[in-house]
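*Asks:* I'd like to ask you about the structure that follows.
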Amino acid sequence: MKKHKVTLVKGYQVASGLANDLQFPDGTISAQTPLFKTLGLCLDDFFSATLNVKFTCQKIVLSNADYSFQSVKWHSELPAEDFKFFSCQIWFENTAYNGFIYQPQIKTKVTHFQPENQLELLSPYIKNITYGDTLQISSNSIVLHY
């Protein structure tokens, strides 16, 4: 698998709960994780936030999801959403972490849209990582368009 250099960027911070959004007080990932587990995807070993990474291309297309869930009703005030997860490896400071590309599907998503050259990643906690850091990511599912 090819490794792609990416830059860690600040997202909306709703996934982690740091946005202080009363609609998602503990973050969207904490709210969604139990539902994903009942559907067959255990994220217990993952940090309850996403890493937002930016590529140098114009657009990223993903194929062959490892997990695909339709009509997940994870919030009482929002419509159900579709989600796809793609396995990946994330490298930071010469350490590899197994993770997932987390992709709420745009056709069912209501808010917090990502630029076409960014992805959200789920991973275990990564110590000392900060915005602006360069990471590497690999996944057989990533196709970059320049």
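Labeling convention for the structure tokens: chains A, B, ... as they appear, residues from 1 per chain, ligands from 1 in order of appearance.
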Residues at most 9 Å from Asn140 of chain A, counting only C-alpha atoms, excluding those fewer than 5 positions away in the same chain, as a CSV table (one decimal) with N, CA and C atoms, in the first residue's frame?

*Replies:*
chain,number,residue,atom,x,y,z
A,1,MET,N,0.8,-1.2,0.0
A,1,MET,CA,0.0,0.0,0.0
A,1,MET,C,0.9,1.2,0.0
A,2,LYS,N,0.5,2.2,-0.8
A,2,LYS,CA,1.2,3.5,-0.9
A,2,LYS,C,0.9,4.3,0.4
A,62,LEU,N,-13.1,7.3,-2.3
A,62,LEU,CA,-12.9,6.0,-1.5
A,62,LEU,C,-13.8,4.9,-2.1
A,63,SER,N,-13.2,3.7,-2.1
A,63,SER,CA,-13.9,2.6,-2.6
A,63,SER,C,-13.7,1.4,-1.7
A,64,ASN,N,-14.6,0.4,-1.8
A,64,ASN,CA,-14.5,-0.9,-1.0
A,64,ASN,C,-14.5,-0.7,0.5
A,86,PHE,N,-13.4,2.6,6.3
A,86,PHE,CA,-12.4,2.0,5.5
A,86,PHE,C,-11.1,1.8,6.3
A,87,SER,N,-10.6,0.6,6.4
A,87,SER,CA,-9.4,0.3,7.2
A,87,SER,C,-8.2,1.1,6.6
A,88,CYS,N,-7.4,1.5,7.5
A,88,CYS,CA,-6.2,2.2,7.1
A,88,CYS,C,-5.1,2.1,8.2

*Asks:* Give me, as an mmCIF file with N, CA and C atoms, in the first residue's frame, the residues of segment 78-126 of chain A that a backbone DSSP run labels strand (DSSP E).

*Replies:*
data_model
loop_
_atom_site.group_PDB
_atom_site.id
_atom_site.type_symbol
_atom_site.label_atom_id
_atom_site.label_comp_id
_atom_site.auth_asym_id
_atom_site.auth_seq_id
_atom_site.Cartn_x
_atom_site.Cartn_y
_atom_site.Cartn_z
ATOM 1 N N GLU A 81 -28.514 8.591 9.534
ATOM 2 C CA GLU A 81 -27.417 8.801 8.587
ATOM 3 C C GLU A 81 -26.833 7.469 8.136
ATOM 4 N N ASP A 82 -26.203 7.501 6.969
ATOM 5 C CA ASP A 82 -25.446 6.366 6.449
ATOM 6 C C ASP A 82 -23.971 6.613 6.718
ATOM 7 N N PHE A 83 -23.231 5.539 7.024
ATOM 8 C CA PHE A 83 -21.800 5.642 7.339
ATOM 9 C C PHE A 83 -21.020 4.562 6.617
ATOM 10 N N LYS A 84 -19.781 4.908 6.242
ATOM 11 C CA LYS A 84 -18.848 3.922 5.704
ATOM 12 C C LYS A 84 -17.531 4.047 6.468
ATOM 13 N N PHE A 85 -16.888 2.897 6.640
ATOM 14 C CA PHE A 85 -15.600 2.823 7.322
ATOM 15 C C PHE A 85 -14.632 2.045 6.432
ATOM 16 N N PHE A 86 -13.420 2.576 6.297
ATOM 17 C CA PHE A 86 -12.390 1.973 5.457
ATOM 18 C C PHE A 86 -11.148 1.768 6.312
ATOM 19 N N SER A 87 -10.621 0.559 6.364
ATOM 20 C CA SER A 87 -9.439 0.310 7.189
ATOM 21 C C SER A 87 -8.244 1.077 6.627
ATOM 22 N N CYS A 88 -7.378 1.502 7.530
ATOM 23 C CA CYS A 88 -6.183 2.243 7.139
ATOM 24 C C CYS A 88 -5.108 2.052 8.198
ATOM 25 N N GLN A 89 -3.922 2.475 7.842
ATOM 26 C CA GLN A 89 -2.824 2.568 8.810
ATOM 27 C C GLN A 89 -2.380 4.015 8.840
ATOM 28 N N ILE A 90 -2.089 4.471 10.039
ATOM 29 C CA ILE A 90 -1.655 5.843 10.270
ATOM 30 C C ILE A 90 -0.269 5.778 10.899
ATOM 31 N N TRP A 91 0.673 6.528 10.330
ATOM 32 C CA TRP A 91 2.017 6.591 10.890
ATOM 33 C C TRP A 91 2.265 7.973 11.453
ATOM 34 N N PHE A 92 2.759 7.984 12.689
ATOM 35 C CA PHE A 92 3.168 9.232 13.329
ATOM 36 C C PHE A 92 4.391 8.930 14.170
ATOM 37 N N THR A 95 5.679 5.331 14.360
ATOM 38 C CA THR A 95 4.800 4.327 14.950
ATOM 39 C C THR A 95 3.572 4.186 14.076
ATOM 40 N N ALA A 96 3.181 2.944 13.813
ATOM 41 C CA ALA A 96 1.999 2.667 12.996
ATOM 42 C C ALA A 96 0.807 2.377 13.904
ATOM 43 N N TYR A 97 -0.327 2.914 13.533
ATOM 44 C CA TYR A 97 -1.574 2.709 14.256
ATOM 45 C C TYR A 97 -2.616 2.193 13.265
ATOM 46 N N ASN A 98 -3.321 1.151 13.630
ATOM 47 C CA ASN A 98 -4.427 0.683 12.809
ATOM 48 C C ASN A 98 -5.634 1.556 13.087
ATOM 49 N N GLY A 99 -6.296 1.981 12.028
ATOM 50 C CA GLY A 99 -7.431 2.861 12.194
ATOM 51 C C GLY A 99 -8.465 2.661 11.113
ATOM 52 N N PHE A 100 -9.397 3.585 11.074
ATOM 53 C CA PHE A 100 -10.439 3.595 10.051
ATOM 54 C C PHE A 100 -10.610 5.002 9.512
ATOM 55 N N ILE A 101 -10.862 5.082 8.227
ATOM 56 C CA ILE A 101 -11.374 6.312 7.647
ATOM 57 C C ILE A 101 -12.857 6.299 7.978
ATOM 58 N N TYR A 102 -13.325 7.354 8.606
ATOM 59 C CA TYR A 102 -14.708 7.487 9.064
ATOM 60 C C TYR A 102 -15.408 8.414 8.078
ATOM 61 N N GLN A 103 -16.452 7.911 7.428
ATOM 62 C CA GLN A 103 -17.097 8.712 6.395
ATOM 63 C C GLN A 103 -18.621 8.672 6.506
ATOM 64 N N PRO A 104 -19.188 9.657 7.236
ATOM 65 C CA PRO A 104 -20.638 9.815 7.153
ATOM 66 C C PRO A 104 -20.968 10.161 5.701
ATOM 67 N N GLN A 118 -10.027 16.305 2.301
ATOM 68 C CA GLN A 118 -9.811 15.961 3.700
ATOM 69 C C GLN A 118 -10.550 14.674 4.055
ATOM 70 N N LEU A 119 -9.976 13.960 5.017
ATOM 71 C CA LEU A 119 -10.620 12.766 5.564
ATOM 72 C C LEU A 119 -10.644 12.869 7.076
ATOM 73 N N GLU A 120 -11.578 12.153 7.672
ATOM 74 C CA GLU A 120 -11.631 12.000 9.121
ATOM 75 C C GLU A 120 -11.189 10.584 9.453
ATOM 76 N N LEU A 121 -10.299 10.462 10.418
ATOM 77 C CA LEU A 121 -9.755 9.163 10.807
ATOM 78 C C LEU A 121 -10.112 8.842 12.242
ATOM 79 N N LEU A 122 -10.380 7.576 12.494
ATOM 80 C CA LEU A 122 -10.532 7.059 13.851
ATOM 81 C C LEU A 122 -9.283 6.249 14.156
#

*Asks:* Could you please determine the separation between atom CA of Val72 of chain A and atom CA of Ser139 of chain A in Å, to one decimal place?

*Replies:*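 Atom-to-atom, atom CA of Val72 of chain A and atom CA of Ser139 of chain A are spaced 24.8 Å apart.
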
*Asks:* At a cut-off of 6 Å, using only C-alpha atoms, what residues contact His145 of chain A? Leave out same-chain residues fewer than 4 positions from it and give the result as a PDB file with N, CA and C atoms, in the first residue's frame.

*Replies:*
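This is the output file around09.pdb:
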ATOM      1  N   CYS A  57      -4.056  16.888  -2.789  1.00  0.00           N
ATOM      2  CA  CYS A  57      -4.839  16.727  -4.019  1.00  0.00           C
ATOM      3  C   CYS A  57      -6.082  17.617  -3.974  1.00  0.00           C
ATOM      4  N   GLN A  58      -6.858  17.575  -5.051  1.00  0.00           N
ATOM      5  CA  GLN A  58      -8.118  18.320  -5.119  1.00  0.00           C
ATOM      6  C   GLN A  58      -9.281  17.546  -4.483  1.00  0.00           C
ATOM      7  N   LYS A  59      -9.257  16.212  -4.674  1.00  0.00           N
ATOM      8  CA  LYS A  59     -10.395  15.392  -4.256  1.00  0.00           C
ATOM      9  C   LYS A  59      -9.926  13.982  -3.934  1.00  0.00           C
TER      10      LYS A  59
END

*Asks:* Using only C-alpha atoms, find the one residue out of A:Val61, A:Ile126, A:Leu135, A:Ile142 that sits nearest to Asp45 of chain A.

*Replies:*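 With only C-alpha atoms as the atom set, the closest residue is A:Ile126.
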
*Asks:* What separation in Å, quoted to one decimal, exists between atom CA of Val6 of chain A and atom CA of Phe55 of chain A?

*Replies:*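 Answer for the atom CA of Val6 of chain A to atom CA of Phe55 of chain A separation: 5.0 Å.
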
*Asks:* Compile the contact shell of Asp133 of chain A as a PyMOL selection string: residues with an atom at most 10 Å away, counting only C-alpha atoms, same-chain residues fewer than 3 positions apart removed.

*Replies:* chain A and resi 6-9+53+92-93+128-130

*Asks:* Find the distance between atom CA of Phe36 of chain A and atom CA of Ala65 of chain A and write it in Å to one decimal.

*Replies:*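 Going from atom CA of Phe36 of chain A over to atom CA of Ala65 of chain A covers 14.5 Å.
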
*Asks:* DSSP on the backbone, helix (DSSP H, G or I) only: what residues of chain A does that give? Format it as a list in words.

*Replies:*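 Secondary structure check on chain A, helix (DSSP H, G or I): Thr28, Ile29, Ser30, Ala31, Gln32, Thr33, Pro34, Leu35, Phe36, Lys37 and Thr38 of chain A.
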
*Asks:* Include N, CA and C atoms and write out the residues we just selected as a CSV table (one decimal), in the first residue's frame.

*Replies:*
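The resulting selection.csv:
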chain,number,residue,atom,x,y,z
A,28,THR,N,-19.9,13.4,18.9
A,28,THR,CA,-20.7,12.6,18.0
A,28,THR,C,-20.2,11.1,18.1
A,29,ILE,N,-18.9,11.0,18.2
A,29,ILE,CA,-18.3,9.6,18.2
A,29,ILE,C,-18.8,8.8,19.4
A,30,SER,N,-18.8,9.5,20.6
A,30,SER,CA,-19.2,8.8,21.8
A,30,SER,C,-20.7,8.4,21.6
A,31,ALA,N,-21.5,9.2,21.0
A,31,ALA,CA,-22.9,8.9,20.8
A,31,ALA,C,-23.1,7.7,19.8
A,32,GLN,N,-22.3,7.7,18.8
A,32,GLN,CA,-22.4,6.7,17.7
A,32,GLN,C,-21.8,5.3,18.0
A,33,THR,N,-20.7,5.3,18.8
A,33,THR,CA,-19.9,4.1,19.0
A,33,THR,C,-20.8,2.9,19.5
A,34,PRO,N,-21.7,3.1,20.5
A,34,PRO,CA,-22.5,1.9,20.9
A,34,PRO,C,-23.4,1.4,19.8
A,35,LEU,N,-23.9,2.2,18.9
A,35,LEU,CA,-24.7,1.8,17.8
A,35,LEU,C,-23.9,1.0,16.8
A,36,PHE,N,-22.7,1.5,16.5
A,36,PHE,CA,-21.8,0.8,15.5
A,36,PHE,C,-21.4,-0.6,16.1
A,37,LYS,N,-21.3,-0.6,17.4
A,37,LYS,CA,-20.9,-1.9,18.0
A,37,LYS,C,-22.0,-2.9,17.8
A,38,THR,N,-23.3,-2.5,18.0
A,38,THR,CA,-24.4,-3.4,17.8
A,38,THR,C,-24.5,-3.9,16.3

*Asks:* Determine the nearest neighbour of Lys54 of chain A from the options A:Lys10, A:Cys42, A:Lys127, A:Tyr146, counting only C-alpha atoms.

*Replies:*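 Checking each of A:Lys10, A:Cys42, A:Lys127, A:Tyr146 against Lys54 of chain A, counting only C-alpha atoms, the winner is A:Lys10.
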
*Asks:* Considering only C-alpha atoms, state which residue in the set A:Gly27, A:His75, A:Ile106, A:Ile60 is at the smallest distance from Ser48 of chain A.

*Replies:* A:Gly27
